[in-house]
file run_19.pdb (PDB, N, CA and C atoms and all ligand atoms)
ATOM      1  N   MET A 987      -4.504  -4.435 -15.348
ATOM      2  CA  MET A 987      -5.022  -3.746 -14.163
ATOM      3  C   MET A 987      -3.890  -3.477 -13.177
ATOM      4  N   HIS A 988      -3.823  -2.253 -12.728
ATOM      5  CA  HIS A 988      -2.838  -1.752 -11.776
ATOM      6  C   HIS A 988      -2.769  -2.627 -10.511
ATOM      7  N   GLU A 989      -3.922  -2.990  -9.997
ATOM      8  CA  GLU A 989      -3.977  -3.744  -8.745
ATOM      9  C   GLU A 989      -3.327  -5.127  -8.879
ATOM     10  N   LEU A 990      -3.468  -5.729 -10.043
ATOM     11  CA  LEU A 990      -2.893  -7.069 -10.251
ATOM     12  C   LEU A 990      -1.379  -7.049 -10.111
ATOM     13  N   SER A 991      -0.732  -6.064 -10.742
ATOM     14  CA  SER A 991       0.723  -6.039 -10.665
ATOM     15  C   SER A 991       1.194  -5.700  -9.251
ATOM     16  N   LEU A 992       0.435  -4.865  -8.562
ATOM     17  CA  LEU A 992       0.770  -4.584  -7.153
ATOM     18  C   LEU A 992       0.734  -5.857  -6.321
ATOM     19  N   LEU A 993      -0.310  -6.650  -6.561
ATOM     20  CA  LEU A 993      -0.455  -7.878  -5.771
ATOM     21  C   LEU A 993       0.586  -8.918  -6.153
ATOM     22  N   GLU A 994       0.983  -8.915  -7.406
ATOM     23  CA  GLU A 994       2.054  -9.837  -7.798
ATOM     24  C   GLU A 994       3.350  -9.471  -7.081
ATOM     25  N   ASN A 995       3.587  -8.179  -6.911
ATOM     26  CA  ASN A 995       4.737  -7.741  -6.107
ATOM     27  C   ASN A 995       4.618  -8.207  -4.670
ATOM     28  N   VAL A 996       3.424  -8.078  -4.116
ATOM     29  CA  VAL A 996       3.194  -8.517  -2.735
ATOM     30  C   VAL A 996       3.501 -10.000  -2.601
ATOM     31  N   ARG A 997       3.032 -10.777  -3.569
ATOM     32  CA  ARG A 997       3.259 -12.228  -3.509
ATOM     33  C   ARG A 997       4.761 -12.535  -3.560
ATOM     34  N   THR A 998       5.480 -11.840  -4.426
ATOM     35  CA  THR A 998       6.923 -12.055  -4.524
ATOM     36  C   THR A 998       7.612 -11.721  -3.200
ATOM     37  N   ILE A 999       7.202 -10.615  -2.581
ATOM     38  CA  ILE A 999       7.788 -10.218  -1.297
ATOM     39  C   ILE A 999       7.499 -11.283  -0.233
ATOM     40  N   LEU A1000       6.265 -11.782  -0.223
ATOM     41  CA  LEU A1000       5.895 -12.817   0.755
ATOM     42  C   LEU A1000       6.727 -14.070   0.562
ATOM     43  N   GLU A1001       6.943 -14.438  -0.691
ATOM     44  CA  GLU A1001       7.731 -15.649  -0.967
ATOM     45  C   GLU A1001       9.174 -15.477  -0.503
ATOM     46  N   GLU A1002       9.698 -14.260  -0.685
ATOM     47  CA  GLU A1002      11.071 -14.001  -0.216
ATOM     48  C   GLU A1002      11.152 -14.050   1.310
ATOM     49  N   HIS A1003      10.167 -13.436   1.958
ATOM     50  CA  HIS A1003      10.122 -13.480   3.432
ATOM     51  C   HIS A1003      10.045 -14.920   3.917
ATOM     52  N   ALA A1004       9.234 -15.715   3.250
ATOM     53  CA  ALA A1004       9.047 -17.106   3.659
ATOM     54  C   ALA A1004      10.365 -17.871   3.590
ATOM     55  N   LYS A1005      11.132 -17.589   2.539
ATOM     56  CA  LYS A1005      12.424 -18.253   2.364
ATOM     57  C   LYS A1005      13.392 -17.825   3.471
ATOM     58  N   ASN A1006      13.441 -16.512   3.726
ATOM     59  CA  ASN A1006      14.391 -15.982   4.705
ATOM     60  C   ASN A1006      14.020 -16.313   6.134
ATOM     61  N   GLN A1007      12.715 -16.376   6.407
ATOM     62  CA  GLN A1007      12.282 -16.509   7.795
ATOM     63  C   GLN A1007      11.651 -17.868   8.086
ATOM     64  N   ASN A1008      11.702 -18.752   7.095
ATOM     65  CA  ASN A1008      11.246 -20.118   7.319
ATOM     66  C   ASN A1008       9.802 -20.277   7.774
ATOM     67  N   PHE A1009       8.897 -19.671   7.084
ATOM     68  CA  PHE A1009       7.505 -20.011   7.341
ATOM     69  C   PHE A1009       6.886 -20.545   6.056
ATOM     70  N   GLU A1010       5.762 -21.228   6.207
ATOM     71  CA  GLU A1010       5.186 -21.883   5.035
ATOM     72  C   GLU A1010       3.874 -21.288   4.574
ATOM     73  N   ARG A1011       3.158 -20.726   5.544
ATOM     74  CA  ARG A1011       1.861 -20.178   5.165
ATOM     75  C   ARG A1011       1.680 -18.787   5.735
ATOM     76  N   VAL A1012       0.990 -17.970   4.960
ATOM     77  CA  VAL A1012       0.604 -16.650   5.447
ATOM     78  C   VAL A1012      -0.866 -16.713   5.809
ATOM     79  N   GLU A1013      -1.161 -16.379   7.074
ATOM     80  CA  GLU A1013      -2.558 -16.436   7.534
ATOM     81  C   GLU A1013      -3.254 -15.094   7.320
ATOM     82  N   GLU A1014      -2.529 -14.018   7.631
ATOM     83  CA  GLU A1014      -3.121 -12.692   7.511
ATOM     84  C   GLU A1014      -2.092 -11.712   6.967
ATOM     85  N   VAL A1015      -2.559 -10.831   6.140
ATOM     86  CA  VAL A1015      -1.695  -9.796   5.579
ATOM     87  C   VAL A1015      -2.365  -8.446   5.807
ATOM     88  N   THR A1016      -1.595  -7.483   6.286
ATOM     89  CA  THR A1016      -2.110  -6.121   6.354
ATOM     90  C   THR A1016      -1.363  -5.270   5.338
ATOM     91  N   LEU A1017      -2.119  -4.678   4.456
ATOM     92  CA  LEU A1017      -1.531  -3.799   3.453
ATOM     93  C   LEU A1017      -1.866  -2.354   3.808
ATOM     94  N   ALA A1018      -0.851  -1.540   3.847
ATOM     95  CA  ALA A1018      -1.079  -0.102   4.043
ATOM     96  C   ALA A1018      -1.052   0.558   2.677
ATOM     97  N   ILE A1019      -2.093   1.295   2.404
ATOM     98  CA  ILE A1019      -2.244   1.875   1.083
ATOM     99  C   ILE A1019      -2.241   3.394   1.180
ATOM    100  N   GLY A1020      -1.392   3.999   0.396
ATOM    101  CA  GLY A1020      -1.304   5.454   0.398
ATOM    102  C   GLY A1020      -2.592   6.090  -0.093
ATOM    103  N   ALA A1021      -3.010   7.137   0.617
ATOM    104  CA  ALA A1021      -4.257   7.819   0.272
ATOM    105  C   ALA A1021      -4.192   8.445  -1.127
ATOM    106  N   LEU A1022      -2.986   8.662  -1.633
ATOM    107  CA  LEU A1022      -2.837   9.310  -2.945
ATOM    108  C   LEU A1022      -2.493   8.313  -4.048
ATOM    109  N   SER A1023      -2.509   7.026  -3.717
ATOM    110  CA  SER A1023      -1.979   6.038  -4.666
ATOM    111  C   SER A1023      -2.986   5.603  -5.720
ATOM    112  N   CYS A1024      -4.232   6.011  -5.588
ATOM    113  CA  CYS A1024      -5.273   5.642  -6.546
ATOM    114  C   CYS A1024      -5.555   4.149  -6.576
ATOM    115  N   VAL A1025      -5.140   3.438  -5.533
ATOM    116  CA  VAL A1025      -5.438   2.008  -5.480
ATOM    117  C   VAL A1025      -6.858   1.819  -4.946
ATOM    118  N   GLU A1026      -7.612   1.015  -5.628
ATOM    119  CA  GLU A1026      -8.982   0.727  -5.208
ATOM    120  C   GLU A1026      -8.988  -0.481  -4.281
ATOM    121  N   VAL A1027      -9.410  -0.260  -3.032
ATOM    122  CA  VAL A1027      -9.432  -1.351  -2.065
ATOM    123  C   VAL A1027     -10.327  -2.499  -2.547
ATOM    124  N   GLU A1028     -11.476  -2.152  -3.104
ATOM    125  CA  GLU A1028     -12.390  -3.194  -3.575
ATOM    126  C   GLU A1028     -11.754  -4.029  -4.687
ATOM    127  N   ALA A1029     -11.045  -3.366  -5.577
ATOM    128  CA  ALA A1029     -10.381  -4.078  -6.668
ATOM    129  C   ALA A1029      -9.265  -4.966  -6.140
ATOM    130  N   LEU A1030      -8.573  -4.477  -5.120
ATOM    131  CA  LEU A1030      -7.512  -5.280  -4.501
ATOM    132  C   LEU A1030      -8.080  -6.534  -3.861
ATOM    133  N   LYS A1031      -9.159  -6.362  -3.120
ATOM    134  CA  LYS A1031      -9.801  -7.512  -2.477
ATOM    135  C   LYS A1031     -10.197  -8.544  -3.519
ATOM    136  N   PHE A1032     -10.752  -8.044  -4.589
ATOM    137  CA  PHE A1032     -11.235  -8.908  -5.648
ATOM    138  C   PHE A1032     -10.083  -9.676  -6.305
ATOM    139  N   ALA A1033      -8.988  -8.974  -6.559
ATOM    140  CA  ALA A1033      -7.862  -9.590  -7.263
ATOM    141  C   ALA A1033      -7.022 -10.484  -6.351
ATOM    142  N   PHE A1034      -7.097 -10.234  -5.041
ATOM    143  CA  PHE A1034      -6.230 -10.935  -4.102
ATOM    144  C   PHE A1034      -6.363 -12.454  -4.202
ATOM    145  N   GLN A1035      -7.609 -12.930  -4.224
ATOM    146  CA  GLN A1035      -7.829 -14.379  -4.261
ATOM    147  C   GLN A1035      -7.174 -15.027  -5.472
ATOM    148  N   SER A1036      -7.335 -14.402  -6.626
ATOM    149  CA  SER A1036      -6.809 -15.044  -7.829
ATOM    150  C   SER A1036      -5.292 -14.950  -7.902
ATOM    151  N   VAL A1037      -4.733 -13.818  -7.447
ATOM    152  CA  VAL A1037      -3.270 -13.694  -7.491
ATOM    153  C   VAL A1037      -2.603 -14.661  -6.498
ATOM    154  N   MET A1038      -3.239 -14.859  -5.336
ATOM    155  CA  MET A1038      -2.618 -15.690  -4.291
ATOM    156  C   MET A1038      -2.941 -17.175  -4.426
ATOM    157  N   LYS A1039      -3.749 -17.498  -5.410
ATOM    158  CA  LYS A1039      -4.123 -18.901  -5.608
ATOM    159  C   LYS A1039      -2.868 -19.756  -5.813
ATOM    160  N   ASN A1040      -2.837 -20.918  -5.156
ATOM    161  CA  ASN A1040      -1.698 -21.831  -5.235
ATOM    162  C   ASN A1040      -0.389 -21.232  -4.718
ATOM    163  N   SER A1041      -0.482 -20.190  -3.930
ATOM    164  CA  SER A1041       0.726 -19.653  -3.313
ATOM    165  C   SER A1041       0.625 -19.849  -1.807
ATOM    166  N   LEU A1042       1.668 -19.422  -1.114
ATOM    167  CA  LEU A1042       1.686 -19.573   0.348
ATOM    168  C   LEU A1042       0.623 -18.717   1.035
ATOM    169  N   ALA A1043       0.098 -17.766   0.297
ATOM    170  CA  ALA A1043      -0.907 -16.866   0.893
ATOM    171  C   ALA A1043      -2.321 -17.177   0.412
ATOM    172  N   GLU A1044      -2.480 -18.344  -0.186
ATOM    173  CA  GLU A1044      -3.835 -18.727  -0.570
ATOM    174  C   GLU A1044      -4.687 -18.809   0.694
ATOM    175  N   ASN A1045      -5.878 -18.245   0.646
ATOM    176  CA  ASN A1045      -6.804 -18.203   1.793
ATOM    177  C   ASN A1045      -6.387 -17.254   2.918
ATOM    178  N   ALA A1046      -5.352 -16.488   2.705
ATOM    179  CA  ALA A1046      -4.968 -15.516   3.731
ATOM    180  C   ALA A1046      -6.039 -14.427   3.840
ATOM    181  N   THR A1047      -6.200 -13.930   5.057
ATOM    182  CA  THR A1047      -7.143 -12.834   5.275
ATOM    183  C   THR A1047      -6.427 -11.510   5.018
ATOM    184  N   LEU A1048      -7.132 -10.634   4.359
ATOM    185  CA  LEU A1048      -6.528  -9.371   3.969
ATOM    186  C   LEU A1048      -7.083  -8.238   4.827
ATOM    187  N   HIS A1049      -6.186  -7.422   5.372
ATOM    188  CA  HIS A1049      -6.596  -6.230   6.123
ATOM    189  C   HIS A1049      -5.989  -5.001   5.460
ATOM    190  N   PHE A1050      -6.629  -3.875   5.688
ATOM    191  CA  PHE A1050      -6.128  -2.643   5.070
ATOM    192  C   PHE A1050      -5.920  -1.534   6.083
ATOM    193  N   LYS A1051      -4.913  -0.740   5.791
ATOM    194  CA  LYS A1051      -4.699   0.497   6.539
ATOM    195  C   LYS A1051      -4.456   1.590   5.512
ATOM    196  N   THR A1052      -4.648   2.807   5.933
ATOM    197  CA  THR A1052      -4.392   3.919   5.021
ATOM    198  C   THR A1052      -3.152   4.690   5.472
ATOM    199  N   ILE A1053      -2.306   4.976   4.519
ATOM    200  CA  ILE A1053      -1.174   5.866   4.794
ATOM    201  C   ILE A1053      -1.614   7.263   4.371
ATOM    202  N   GLU A1054      -1.610   8.175   5.308
ATOM    203  CA  GLU A1054      -2.096   9.510   5.014
ATOM    204  C   GLU A1054      -1.186  10.234   4.004
ATOM    205  N   GLY A1055      -1.824  11.004   3.154
ATOM    206  CA  GLY A1055      -1.052  11.777   2.193
ATOM    207  C   GLY A1055      -0.427  12.997   2.850
ATOM    208  N   GLN A1056       0.862  13.188   2.587
ATOM    209  CA  GLN A1056       1.533  14.350   3.147
ATOM    210  C   GLN A1056       2.527  14.907   2.135
ATOM    211  N   GLY A1057       2.609  16.213   2.096
ATOM    212  CA  GLY A1057       3.543  16.835   1.171
ATOM    213  C   GLY A1057       4.261  17.994   1.813
ATOM    214  N   ARG A1058       5.292  18.486   1.095
ATOM    215  CA  ARG A1058       5.989  19.675   1.556
ATOM    216  C   ARG A1058       5.835  20.754   0.489
ATOM    217  N   CYS A1059       5.365  21.894   0.934
ATOM    218  CA  CYS A1059       5.116  23.008   0.029
ATOM    219  C   CYS A1059       6.443  23.569  -0.497
ATOM    220  N   GLN A1060       6.499  23.785  -1.805
ATOM    221  CA  GLN A1060       7.727  24.336  -2.383
ATOM    222  C   GLN A1060       7.868  25.824  -2.082
ATOM    223  N   HIS A1061       6.765  26.448  -1.700
ATOM    224  CA  HIS A1061       6.780  27.885  -1.466
ATOM    225  C   HIS A1061       7.103  28.224  -0.010
ATOM    226  N   CYS A1062       6.259  27.730   0.928
ATOM    227  CA  CYS A1062       6.487  28.070   2.344
ATOM    228  C   CYS A1062       7.260  26.971   3.077
ATOM    229  N   GLU A1063       7.484  25.854   2.408
ATOM    230  CA  GLU A1063       8.284  24.739   2.926
ATOM    231  C   GLU A1063       7.698  24.069   4.165
ATOM    232  N   LYS A1064       6.403  24.320   4.424
ATOM    233  CA  LYS A1064       5.756  23.628   5.534
ATOM    234  C   LYS A1064       5.190  22.295   5.064
ATOM    235  N   LEU A1065       4.991  21.403   6.027
ATOM    236  CA  LEU A1065       4.341  20.144   5.703
ATOM    237  C   LEU A1065       2.842  20.375   5.614
ATOM    238  N   THR A1066       2.219  19.726   4.670
ATOM    239  CA  THR A1066       0.784  19.896   4.501
ATOM    240  C   THR A1066       0.126  18.559   4.234
ATOM    241  N   ARG A1067      -1.081  18.405   4.788
ATOM    242  CA  ARG A1067      -1.841  17.179   4.583
ATOM    243  C   ARG A1067      -2.455  17.198   3.184
ATOM    244  N   MET A1068      -2.405  16.072   2.515
ATOM    245  CA  MET A1068      -2.951  16.010   1.161
ATOM    246  C   MET A1068      -4.022  14.935   1.068
ATOM    247  N   GLU A1069      -5.172  15.315   0.583
ATOM    248  CA  GLU A1069      -6.219  14.312   0.387
ATOM    249  C   GLU A1069      -6.265  13.845  -1.055
ATOM    250  N   MET A1070      -5.789  14.691  -1.937
ATOM    251  CA  MET A1070      -5.691  14.328  -3.345
ATOM    252  C   MET A1070      -4.321  14.721  -3.869
ATOM    253  N   LEU A1071      -3.964  14.106  -4.978
ATOM    254  CA  LEU A1071      -2.618  14.280  -5.515
ATOM    255  C   LEU A1071      -2.291  15.743  -5.827
ATOM    256  N   TYR A1072      -3.282  16.505  -6.253
ATOM    257  CA  TYR A1072      -2.968  17.872  -6.664
ATOM    258  C   TYR A1072      -3.510  18.905  -5.687
ATOM    259  N   ASP A1073      -3.638  18.495  -4.421
ATOM    260  CA  ASP A1073      -4.051  19.451  -3.400
ATOM    261  C   ASP A1073      -3.048  20.595  -3.288
ATOM    262  N   VAL A1074      -3.567  21.765  -2.968
ATOM    263  CA  VAL A1074      -2.679  22.908  -2.746
ATOM    264  C   VAL A1074      -2.243  22.926  -1.287
ATOM    265  N   CYS A1075      -1.225  23.712  -0.993
ATOM    266  CA  CYS A1075      -0.712  23.856   0.370
ATOM    267  C   CYS A1075      -1.810  24.415   1.277
ATOM    268  N   GLN A1076      -1.964  23.788   2.450
ATOM    269  CA  GLN A1076      -3.000  24.247   3.390
ATOM    270  C   GLN A1076      -2.612  25.552   4.068
ATOM    271  N   HIS A1077      -1.343  25.887   4.043
ATOM    272  CA  HIS A1077      -0.881  27.077   4.754
ATOM    273  C   HIS A1077      -0.904  28.320   3.871
ATOM    274  N   CYS A1078      -0.450  28.171   2.629
ATOM    275  CA  CYS A1078      -0.342  29.371   1.798
ATOM    276  C   CYS A1078      -1.097  29.241   0.472
ATOM    277  N   GLY A1079      -1.656  28.065   0.213
ATOM    278  CA  GLY A1079      -2.454  27.914  -1.005
ATOM    279  C   GLY A1079      -1.649  27.693  -2.270
ATOM    280  N   HIS A1080      -0.350  27.569  -2.132
ATOM    281  CA  HIS A1080       0.511  27.337  -3.294
ATOM    282  C   HIS A1080       0.232  25.959  -3.897
ATOM    283  N   SER A1081       0.340  25.868  -5.209
ATOM    284  CA  SER A1081      -0.047  24.617  -5.855
ATOM    285  C   SER A1081       1.112  23.644  -6.053
ATOM    286  N   ARG A1082       2.323  24.090  -5.795
ATOM    287  CA  ARG A1082       3.450  23.167  -5.972
ATOM    288  C   ARG A1082       3.827  22.542  -4.646
ATOM    289  N   VAL A1083       3.364  21.312  -4.481
ATOM    290  CA  VAL A1083       3.616  20.587  -3.241
ATOM    291  C   VAL A1083       4.268  19.259  -3.607
ATOM    292  N   ASP A1084       5.417  18.987  -3.016
ATOM    293  CA  ASP A1084       6.077  17.703  -3.259
ATOM    294  C   ASP A1084       5.488  16.645  -2.336
ATOM    295  N   VAL A1085       5.075  15.550  -2.926
ATOM    296  CA  VAL A1085       4.494  14.474  -2.117
ATOM    297  C   VAL A1085       5.590  13.775  -1.319
ATOM    298  N   ILE A1086       5.384  13.648  -0.012
ATOM    299  CA  ILE A1086       6.347  12.952   0.844
ATOM    300  C   ILE A1086       5.859  11.544   1.153
ATOM    301  N   SER A1087       4.574  11.424   1.443
ATOM    302  CA  SER A1087       4.031  10.083   1.660
ATOM    303  C   SER A1087       2.602  10.016   1.157
ATOM    304  N   GLY A1088       2.151   8.790   0.925
ATOM    305  CA  GLY A1088       0.779   8.610   0.469
ATOM    306  C   GLY A1088       0.682   8.000  -0.920
ATOM    307  N   LEU A1089       1.835   7.840  -1.590
ATOM    308  CA  LEU A1089       1.800   7.227  -2.922
ATOM    309  C   LEU A1089       2.093   5.737  -2.864
ATOM    310  N   GLU A1090       2.608   5.282  -1.744
ATOM    311  CA  GLU A1090       3.136   3.931  -1.670
ATOM    312  C   GLU A1090       2.088   2.914  -1.197
ATOM    313  N   MET A1091       2.417   1.667  -1.414
ATOM    314  CA  MET A1091       1.641   0.597  -0.802
ATOM    315  C   MET A1091       2.649  -0.351  -0.199
ATOM    316  N   LYS A1092       2.439  -0.762   1.046
ATOM    317  CA  LYS A1092       3.402  -1.684   1.641
ATOM    318  C   LYS A1092       2.729  -2.663   2.596
ATOM    319  N   ILE A1093       3.460  -3.734   2.843
ATOM    320  CA  ILE A1093       2.978  -4.736   3.792
ATOM    321  C   ILE A1093       3.405  -4.272   5.179
ATOM    322  N   THR A1094       2.444  -4.095   6.088
ATOM    323  CA  THR A1094       2.823  -3.621   7.418
ATOM    324  C   THR A1094       2.781  -4.730   8.458
ATOM    325  N   GLU A1095       1.923  -5.713   8.262
ATOM    326  CA  GLU A1095       1.842  -6.786   9.250
ATOM    327  C   GLU A1095       1.601  -8.118   8.555
ATOM    328  N   LEU A1096       2.168  -9.136   9.137
ATOM    329  CA  LEU A1096       1.984 -10.496   8.619
ATOM    330  C   LEU A1096       1.739 -11.439   9.775
ATOM    331  N   LYS A1097       0.791 -12.322   9.580
ATOM    332  CA  LYS A1097       0.655 -13.410  10.551
ATOM    333  C   LYS A1097       0.948 -14.684   9.769
ATOM    334  N   VAL A1098       1.918 -15.431  10.228
ATOM    335  CA  VAL A1098       2.370 -16.586   9.456
ATOM    336  C   VAL A1098       2.369 -17.852  10.306
ATOM    337  N   SER A1099       2.502 -18.967   9.642
ATOM    338  CA  SER A1099       2.632 -20.215  10.387
ATOM    339  C   SER A1099       3.547 -21.167   9.631
TER     340      SER A1099
HETATM  341 ZN    ZN B   1       2.755  26.629   1.408
END
call {"tool": "encode", "arguments": {"input": "run_19.pdb", "output": "structure tokens"}}
result
Amino acid sequence: MHELSLLENVRTILEEHAKNQNFERVEEVTLAIGALSCVEVEALKFAFQSVMKNSLAENATLHFKTIEGQGRCQHCEKLTRMEMLYDVCQHCGHSRVDVISGLEMKITELKVS
């Protein structure tokens, strides 16, 4: 499952932060999820508990934010909002749009102790 490997990455990042910044527990995590990333929030919530079990983030509360999808049209070169991966340009209707943001998932906020 896609979500499991994403969360394993999150756990690794948290462990590295903990080492560098000297904290022991993560109380809250905010994950920003790209609107075009195909990540299922419900699946993430479900997998979070099992992936974080016996780690510093066990029992951490999970929050979500959305990173809006945005692309640049290859034809008119304007920025365009994207709700789906293969959306056409909102300005000229061209179908070749390079995704600039919205595919990524990242940790935006941490509450630690
Ligand atoms: Zn365009």
call {"tool": "residues_near_ligand", "arguments": {"input": "run_19.pdb", "ligand": "ligand ZN 1 (chain B)", "cutoff": "8 Å", "atoms": "all atoms listed in the file", "output": "PyMOL selection string"}}
result
chain A and resi 1058-1066+1074-1083
call {"tool": "residues_around", "arguments": {"input": "run_19.pdb", "residues": "Leu1022 (chain A)", "least_positions_apart": "4", "cutoff": "6.5 Å", "atoms": "all atoms listed in the file", "output": "count of residues only"}}
result
10
call {"tool": "resolve_selection", "arguments": {"input": "run_19.pdb", "expression": "the PyMOL selection byres (((chain A and resi 1052) around 6) and not hetatm)", "output": "ChimeraX atom specification"}}
result
/A:1018-1021,1050-1051,1053-1054
call {"tool": "atom_distance", "arguments": {"input": "run_19.pdb", "atom1": "atom C of Ser991 (chain A)", "atom2": "atom N of Met1068 (chain A)"}}
result
25.0 Å
call {"tool": "closest_residue", "arguments": {"input": "run_19.pdb", "among": "A:Leu1000, A:Leu1096, A:Val1015, A:Val1025", "to": "His988 (chain A)", "atoms": "only N, CA and C atoms"}}
result
A:Val1025
call {"tool": "axis_aligned_box", "arguments": {"input": "run_19.pdb", "around": "region 1021-1037 of chain A", "padding_each_side": "5 Å", "output": "JSON"}}
result
{"center_x": -7.2, "center_y": -2.9, "center_z": -3.6, "size_x": 20.4, "size_y": 34.4, "size_z": 18.5}
call {"tool": "closest_residue", "arguments": {"input": "run_19.pdb", "among": "A:Gly1057, A:Asp1084, A:Arg1067, A:His1049", "to": "Leu1030 (chain A)", "atoms": "only C-alpha atoms"}}
result
A:His1049
call {"tool": "atom_distance", "arguments": {"input": "run_19.pdb", "atom1": "CA of Thr998 (chain A)", "atom2": "CA of Gln1056 (chain A)"}}
result
28.0 Å
call {"tool": "residues_around", "arguments": {"input": "run_19.pdb", "residues": "Glu1001 (chain A)", "least_positions_apart": "6", "cutoff": "9 Å", "atoms": "only C-alpha atoms", "output": "list of chain:residue names"}}
result
A:Ser1041, A:Leu1042, A:Ala1043
call {"tool": "select_by_dssp", "arguments": {"input": "run_19.pdb", "residues": "region 1049-1083 of chain A", "states": "strand (DSSP E)", "output": "list in words"}}
result
His1049, Phe1050, Lys1051, Thr1052, Ile1053, Gly1055, Gln1056, Gly1057, Arg1058, Cys1059, Leu1065, Thr1066, Arg1067, Met1068 and Val1083 of chain A
call {"tool": "closest_atom_pairs", "arguments": {"input": "run_19.pdb", "of": "region 1042-1093 of chain A", "to": "region 1002-1013 of chain A", "cutoff": "7 Å", "atoms": "all atoms listed in the file", "output": "JSON lines"}}
result
{"residue": "A:Leu1042", "atom": "C", "partner": "A:Val1012", "partner_atom": "N", "distance": 4.0}
{"residue": "A:Ala1043", "atom": "CA", "partner": "A:Val1012", "partner_atom": "N", "distance": 4.6}
{"residue": "A:Glu1044", "atom": "N", "partner": "A:Val1012", "partner_atom": "N", "distance": 6.2}
{"residue": "A:Asn1045", "atom": "C", "partner": "A:Glu1013", "partner_atom": "C", "distance": 5.8}
{"residue": "A:Ala1046", "atom": "CA", "partner": "A:Glu1013", "partner_atom": "C", "distance": 4.0}
{"residue": "A:Thr1047", "atom": "N", "partner": "A:Glu1013", "partner_atom": "C", "distance": 3.9}
{"residue": "A:Leu1048", "atom": "N", "partner": "A:Glu1013", "partner_atom": "C", "distance": 6.6}
call {"tool": "write_last_selection", "arguments": {"input": "run_19.pdb", "atoms": "N, CA and C atoms", "output": "mmCIF file, in the coordinates of the input"}}
result
data_model
loop_
_atom_site.group_PDB
_atom_site.id
_atom_site.type_symbol
_atom_site.label_atom_id
_atom_site.label_comp_id
_atom_site.auth_asym_id
_atom_site.auth_seq_id
_atom_site.Cartn_x
_atom_site.Cartn_y
_atom_site.Cartn_z
ATOM 1 N N LEU A 1042 1.668 -19.422 -1.114
ATOM 2 C CA LEU A 1042 1.686 -19.573 0.348
ATOM 3 C C LEU A 1042 0.623 -18.717 1.035
ATOM 4 N N ALA A 1043 0.098 -17.766 0.297
ATOM 5 C CA ALA A 1043 -0.907 -16.866 0.893
ATOM 6 C C ALA A 1043 -2.321 -17.177 0.412
ATOM 7 N N GLU A 1044 -2.480 -18.344 -0.186
ATOM 8 C CA GLU A 1044 -3.835 -18.727 -0.570
ATOM 9 C C GLU A 1044 -4.687 -18.809 0.694
ATOM 10 N N ASN A 1045 -5.878 -18.245 0.646
ATOM 11 C CA ASN A 1045 -6.804 -18.203 1.793
ATOM 12 C C ASN A 1045 -6.387 -17.254 2.918
ATOM 13 N N ALA A 1046 -5.352 -16.488 2.705
ATOM 14 C CA ALA A 1046 -4.968 -15.516 3.731
ATOM 15 C C ALA A 1046 -6.039 -14.427 3.840
ATOM 16 N N THR A 1047 -6.200 -13.930 5.057
ATOM 17 C CA THR A 1047 -7.143 -12.834 5.275
ATOM 18 C C THR A 1047 -6.427 -11.510 5.018
ATOM 19 N N LEU A 1048 -7.132 -10.634 4.359
ATOM 20 C CA LEU A 1048 -6.528 -9.371 3.969
ATOM 21 C C LEU A 1048 -7.083 -8.238 4.827
#
call {"tool": "atom_distance", "arguments": {"input": "run_19.pdb", "atom1": "atom C of Leu992 (chain A)", "atom2": "CA of Ile1093 (chain A)"}}
result
10.4 Å
call {"tool": "closest_residue", "arguments": {"input": "run_19.pdb", "among": "A:Met1038, A:Leu1017, A:Cys1024, A:Leu993", "to": "Glu1095 (chain A)", "atoms": "only N, CA and C atoms"}}
result
A:Leu1017
call {"tool": "select_by_dssp", "arguments": {"input": "run_19.pdb", "residues": "region 991-1074 of chain A", "states": "helix (DSSP H, G or I)", "output": "list in words"}}
result
Ser991, Leu992, Leu993, Glu994, Asn995, Val996, Arg997, Thr998, Ile999, Leu1000, Glu1001, Glu1002, His1003, Ala1004, Lys1005, Asn1006, Gln1007, Val1027, Glu1028, Ala1029, Leu1030, Lys1031, Phe1032, Ala1033, Phe1034, Gln1035, Ser1036, Val1037 and Met1038 of chain A
